[in-house]
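Visitor: Have a look at the structure that comes next, please.
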Amino acid sequence: MMILLSCNARVVAPNLDKLSPVTRQLVSVINDSSKKVISEDVIKKFGLSDQSGTYVVGGLVQVEENFDERVFSDLNIKQRTNAGGIRTVTMPVRSIAELSTRSAIKYIEIDNALSTKEN
């Protein structure tokens with residue numbers, strides 16, 4: 001199964017220093033201009049979920065003390081929990097690069113997809 005991405009999506013250069021290695025991989029796949037679709041392999045590898053036609057992923061976001069909650073709402077990011085400077089979120093995959101450019105964001109790490117190991 002292949003899912004089409006919105007053709008009018010803006011490609012933003014992420015701040016790679018703020019992204020975990022796995023998050024960098026996902027952003028690279030999403031921002032690769034030659035990719036017009038998200039493959040089933042990518043969906044499974046990164047644990048993406050389809051929410052009303054938008055692919056989202058869970059994650060942790062470390063924020064500065066002066067963080068403004070409107071950053072999340074502006075990027076359609078849903079905050080699940082708040083533990084001081086660490087927020088658990090559900091975010092559209094297309095918002096990760098933009099989020100990384102915001103000054104009050106220290107670090108972003110997407111959830112790791114779980115898999116079973118067969119003997």
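Each chain in the structure tokens gets a letter, A, B, ..., in the order shown, and its residues are numbered from 1; ligands are numbered from 1 in order too.
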List every residue of chain A that DSSP, applied to the backbone of this structure, places in helix (DSSP H, G or I), and write the result as JSON, numbers by chain.
Guide: {"A": [16, 17, 18, 21, 22, 23, 24, 25, 26, 27, 28, 29, 30, 31, 40, 41, 42, 43, 44, 45, 46, 70, 71, 72, 73, 74, 93, 94, 95, 96, 97, 98, 99, 100]}
Visitor: Save the residues we just selected, C-alpha atoms, as a PDB file, in the first residue's frame?
Guide:
ATOM      1  CA  LEU A  16      19.776  18.285  12.865  1.00  0.00           C
ATOM      2  CA  ASP A  17      21.470  18.959  16.214  1.00  0.00           C
ATOM      3  CA  LYS A  18      18.044  18.874  17.853  1.00  0.00           C
ATOM      4  CA  PRO A  21      19.370   9.700  15.091  1.00  0.00           C
ATOM      5  CA  VAL A  22      16.085   7.868  14.391  1.00  0.00           C
ATOM      6  CA  THR A  23      14.212  11.164  14.123  1.00  0.00           C
ATOM      7  CA  ARG A  24      16.818  12.372  11.594  1.00  0.00           C
ATOM      8  CA  GLN A  25      16.179   9.257   9.504  1.00  0.00           C
ATOM      9  CA  LEU A  26      12.431   9.872   9.462  1.00  0.00           C
ATOM     10  CA  VAL A  27      12.805  13.561   8.595  1.00  0.00           C
ATOM     11  CA  SER A  28      15.223  12.641   5.811  1.00  0.00           C
ATOM     12  CA  VAL A  29      12.711  10.221   4.291  1.00  0.00           C
ATOM     13  CA  ILE A  30       9.845  12.706   4.595  1.00  0.00           C
ATOM     14  CA  ASN A  31      11.839  15.662   3.214  1.00  0.00           C
ATOM     15  CA  GLU A  40       4.233   0.639   4.021  1.00  0.00           C
ATOM     16  CA  ASP A  41       7.825  -0.177   5.037  1.00  0.00           C
ATOM     17  CA  VAL A  42       8.394   3.392   6.248  1.00  0.00           C
ATOM     18  CA  ILE A  43       5.061   3.386   8.085  1.00  0.00           C
ATOM     19  CA  LYS A  44       6.022   0.185   9.892  1.00  0.00           C
ATOM     20  CA  LYS A  45       9.684   1.094  10.476  1.00  0.00           C
ATOM     21  CA  PHE A  46       8.835   4.370  12.208  1.00  0.00           C
ATOM     22  CA  ARG A  70       1.272  27.908  20.981  1.00  0.00           C
ATOM     23  CA  VAL A  71       4.200  26.373  19.079  1.00  0.00           C
ATOM     24  CA  PHE A  72       2.504  22.990  19.407  1.00  0.00           C
ATOM     25  CA  SER A  73      -0.921  24.247  18.394  1.00  0.00           C
ATOM     26  CA  ASP A  74       0.541  26.157  15.413  1.00  0.00           C
ATOM     27  CA  VAL A  93       5.546  13.810  10.574  1.00  0.00           C
ATOM     28  CA  ARG A  94       5.556  16.907   8.360  1.00  0.00           C
ATOM     29  CA  SER A  95       5.836  19.155  11.460  1.00  0.00           C
ATOM     30  CA  ILE A  96       9.038  17.682  12.909  1.00  0.00           C
ATOM     31  CA  ALA A  97      11.500  19.629  10.762  1.00  0.00           C
ATOM     32  CA  GLU A  98       9.686  22.913  11.425  1.00  0.00           C
ATOM     33  CA  LEU A  99       9.519  22.171  15.167  1.00  0.00           C
ATOM     34  CA  SER A 100      13.285  21.626  15.249  1.00  0.00           C
TER      35      SER A 100
END
Visitor: What parts of range 2-119 of chain A does DSSP call strand (DSSP E or B)? I'd like the answer as a PyMOL selection string.
Guide: chain A and resi 2-4+19+37-39+49-51+54-63+78-83+86-92+105-110
Visitor: May I have the residues within 8 Å of Thr90 in chain A as an NGL selection string, using only C-alpha atoms and disregarding those fewer than 2 positions away in the same chain?
Guide: :A and (56-59 or 77-80 or 88 or 92)
Visitor: Could those selected residues go to a file with C-alpha atoms, as an mmCIF file, in the first residue's frame?
Guide:
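The new file out-v7.cif reads:
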data_model
loop_
_atom_site.group_PDB
_atom_site.id
_atom_site.type_symbol
_atom_site.label_atom_id
_atom_site.label_comp_id
_atom_site.auth_asym_id
_atom_site.auth_seq_id
_atom_site.Cartn_x
_atom_site.Cartn_y
_atom_site.Cartn_z
ATOM 1 C CA VAL A 56 1.620 11.170 12.945
ATOM 2 C CA VAL A 57 4.180 9.728 15.324
ATOM 3 C CA GLY A 58 4.575 9.887 19.088
ATOM 4 C CA GLY A 59 7.648 11.311 20.700
ATOM 5 C CA ILE A 77 1.053 18.854 17.672
ATOM 6 C CA LYS A 78 -0.956 17.294 20.498
ATOM 7 C CA GLN A 79 0.695 17.360 23.906
ATOM 8 C CA ARG A 80 -0.039 14.226 25.956
ATOM 9 C CA THR A 88 5.244 13.683 25.325
ATOM 10 C CA PRO A 92 2.412 15.130 12.266
#
Visitor: Smallest atom-to-atom distance to Ile110 in chain A: which of A:Asn15, A:Ser52, A:Ser39, A:Ser20, using only C-alpha atoms?
Guide: A:Ser20
Visitor: For CA of Pro14 in chain A and CA of Arg102 in chain A, quote the distance in Å rounded to one decimal.
Guide: 9.8 Å
Visitor: Quick one: distance from CA of Gly53 in chain A to CA of Asn82 in chain A in Å, one decimal?
Guide: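 If I compute the distance from CA of Gly53 in chain A to CA of Asn82 in chain A, I get 26.7 Å.
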Visitor: Would you please work out which residue, of A:Ile38, A:Val12, A:Leu48, A:Leu19, is nearest to Asn112 in chain A when using only C-alpha atoms?
Guide: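 Among A:Ile38, A:Val12, A:Leu48, A:Leu19, it is A:Leu48 that comes nearest to Asn112 in chain A.
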Visitor: Excluding Ser103 in chain A and residues on its chain fewer than 6 positions from it, collect all residues at most 10 Å away from it, counting only C-alpha atoms, and give them as a list in words.
Guide: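 The neighbour list is Val63, Glu64, Asn66 and Phe67 of chain A.
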Visitor: Would you compute the distance between CA of Ser49 in chain A and CA of Asp32 in chain A? Give it in Å to one decimal.
Guide: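 Going from CA of Ser49 in chain A over to CA of Asp32 in chain A, I get 19.7 Å.
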Visitor: For Val89 in chain A, which residue among A:Val37, A:Leu60, A:Ile105, A:Leu75 is the nearest when counting only C-alpha atoms?
Guide: A:Leu60
